[in-house]
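A short worksheet on the structure shown next.
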Amino acid sequence: MNNIVGKIAPHFNVKAVNTDGDFVEVDLNDYKNKWLVLFFYPLDFTFVCPTEITGFSMRHEEFKQLNAEVLGGSTDSVHSHKAWLKNLGELKFPLFSDSTRTMSRDYGVLLEDKGIALRGTFIIDPDGILRYALYHDLGVGRSVNETLRVLKALQTGELCPVEWKAGEKTLGKN
């Protein structure tokens with residue numbers, strides 16, 4: 001597992017379905033000089049996953065205002081993603097396909113015995129450094145509010161205490 005916070009994020013180059021429904025390639029280098037919120041989810045056509053994906057999409061403008069892009073995906077194919085988008089509706093970010101499971105393995109989210117990814121959330125800084133990694137069980141959706149809070153805290157470059165929120169006092173330089 002190469003995903004050590006504070007180190008260079010594992011490189012990826014994968015197929016995705018973009019916001020227009022077209023098949024494209026996405027590469028970690030596409031996000032150079034921007035923050036990237038990268039998240040993995042288990043499977044298309046499930047119950048919890050659409051709540052997370054649409055949750056990130058509804059808050060997309062907030063991420064953009066923070067010079068951050070969002071990229072989500074799973075081990076499903078781009079064809080599965082495209083079919084699922086008919087149910088999900090318009091998304092404001094691409095969905096990647098990790099059908100080879102290489103990216104899931106590199107980010108330490110792959111459940112080898114099931115061939116699917118855990119829910120993993122990663123924040124990569126504009127220099128390609130992995131700054132945040134969160135893994136959790138399949139049955140619990142992640143918090144977009146918490147992801148935004150952590151992104152804002154990381155962007156301060158300062159020490160941020162428990163439950164810190166943007167605009168509150170920090171503890172000084174990191």
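A note on labels: chains of the structure tokens are A, B, ... as shown, every chain counts residues from 1, and ligands are counted from 1 in their shown order.
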
* Within 10 Å of Glu146 of chain A, counting only C-alpha atoms, which residues qualify if same-chain residues fewer than 6 places away don't, as a list in words? ->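 Close residues of Glu146 of chain A: Lys152, Glu163 and Lys165 of chain A.
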
Just the selected residues (C-alpha atoms), exported as a compact mmCIF listing (two decimals), in the first residue's frame, please.
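Saved to selection17.txt:
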```txt
# COMPACT_ATOMS: atom_id res chain seq x y z
CA LYS A 152 -10.45 24.01 4.48
CA GLU A 163 -13.96 20.42 15.52
CA LYS A 165 -14.34 25.28 11.38
```

* **All residues 10 Å or closer to Gly6 of chain A, only C-alpha atoms, same chain fewer than 2 positions away omitted, as a PyMOL selection string** => chain A and resi 3-4+8-9+124-125+128-132

For Lys173 of chain A, find every residue with an atom within 8 Å (counting only C-alpha atoms), except residues of its own chain fewer than 4 positions away, and show them as an mmCIF file with C-alpha atoms, in the first residue's frame.
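Contents of selection-v7.cif, freshly written:
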```cif
data_model
loop_
_atom_site.group_PDB
_atom_site.id
_atom_site.type_symbol
_atom_site.label_atom_id
_atom_site.label_comp_id
_atom_site.auth_asym_id
_atom_site.auth_seq_id
_atom_site.Cartn_x
_atom_site.Cartn_y
_atom_site.Cartn_z
ATOM 1 C CA GLY A 157 -1.412 25.365 6.460
ATOM 2 C CA GLU A 158 -1.840 25.735 10.204
ATOM 3 C CA LEU A 159 -2.601 23.530 13.175
#
```

* Nearest-residue call for Val24 of chain A, choices A:Ser57, A:Thr170, A:Ser97, A:Ser80, using only C-alpha atoms ->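 The answer is A:Ser97, which sits nearest to Val24 of chain A.
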
9 Å contact set for His136 of chain A, only C-alpha atoms, chain neighbours under 3 positions out, as a short mmCIF file (atom, residue, chain, number, x, y, z; two decimals) with N, CA and C atoms, in the first residue's frame:
```cif
data_model
loop_
_atom_site.label_atom_id
_atom_site.label_comp_id
_atom_site.auth_asym_id
_atom_site.auth_seq_id
_atom_site.Cartn_x
_atom_site.Cartn_y
_atom_site.Cartn_z
N LEU A 118 -13.62 -0.44 -0.63
CA LEU A 118 -14.20 0.17 0.56
C LEU A 118 -14.56 1.62 0.25
N ARG A 119 -15.26 2.25 1.13
CA ARG A 119 -15.46 3.69 1.01
C ARG A 119 -14.17 4.36 1.48
N GLY A 120 -13.48 4.97 0.57
CA GLY A 120 -12.24 5.65 0.88
C GLY A 120 -12.30 7.07 0.37
N THR A 121 -11.84 8.01 1.17
CA THR A 121 -11.81 9.42 0.77
C THR A 121 -10.39 9.92 0.95
N GLY A 139 -21.25 -0.08 4.75
CA GLY A 139 -22.63 0.27 5.05
C GLY A 139 -22.88 1.68 5.53
N VAL A 140 -21.83 2.50 5.67
CA VAL A 140 -22.01 3.85 6.22
C VAL A 140 -21.50 4.88 5.22
N GLY A 141 -22.36 5.80 4.84
CA GLY A 141 -21.96 6.86 3.92
C GLY A 141 -21.09 7.89 4.59
N ARG A 142 -20.23 8.50 3.79
CA ARG A 142 -19.31 9.52 4.33
C ARG A 142 -20.00 10.86 4.44
#
```

* To do: Can you work out which one of A:Phe96, A:Trp84, A:Trp164, A:Phe122 has the shortest atom-to-atom distance to Lys15 of chain A, counting only C-alpha atoms?
  =>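 Among A:Phe96, A:Trp84, A:Trp164, A:Phe122, it is A:Phe96 that comes nearest to Lys15 of chain A.
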
* **Surrounding residues of Tyr31 of chain A excluding itself and chain neighbours under 6 positions, 9 Å, only C-alpha atoms, as a ChimeraX atom specification** => /A:68-69,126,128

* Asked: Got a sec: who's within 12 Å of Ser104 of chain A, counting only C-alpha atoms, leaving out chain neighbours fewer than 4 positions off, as number ranges by chain?
  -> A: 1-3, 10-12, 14, 38-42, 72-76, 96-100, 108-112, 115-122, 135

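Nearest to Asp22 of chain A of all the residues A:Leu36, A:Leu85, A:Met103, A:Leu43 is A:Leu85, based on only C-alpha atoms.
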
* Asked: Please, which residues of segment 79-126 of chain A, numbered as in this document, come out alpha helix (DSSP H) from DSSP, as a list in words?
  -> His79, Ser80, His81, Lys82, Ala83, Trp84, Leu85, Lys86, Asn87, Leu88, Thr102, Met103, Ser104, Arg105 and Asp106 of chain A

* Between atom CA of Asn18 of chain A and atom CA of Leu151 of chain A - distance in Å to one decimal -> 23.2 Å

* Residues near Val17 of chain A, cut-off 6 Å, only C-alpha atoms, skip fewer than 5 positions along chain, as an MDAnalysis selection string -> chainID A and resid 22:23 94:95

* List every residue of segment 11-144 of chain A that DSSP, applied to the backbone of this structure, places in strand (DSSP E), and write the result as a ChimeraX atom specification. => /A:13-17,23-27,35-40,68-74,95-97,110-111,116-117,119-124,130-136

* Using only C-alpha atoms, which of the listed residues (A:Lys169, A:Lys34, A:Arg105, A:Lys114) sits closest to Asn67 of chain A? ->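 Looking only at the distances to Asn67 of chain A, the closest residue turns out to be A:Lys34.
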
* Take atom CA of Val78 of chain A and atom CA of Glu90 of chain A and report the distance between them in Å, one decimal. =>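 These atoms are spaced 15.5 Å apart.
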
* To do: Can you work out which one of A:Lys86, A:Phe47, A:Val5, A:His79 has the shortest atom-to-atom distance to Leu134 of chain A, counting only C-alpha atoms?
  =>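 Answer, going by the shortest atom-to-atom distance: A:Val5.
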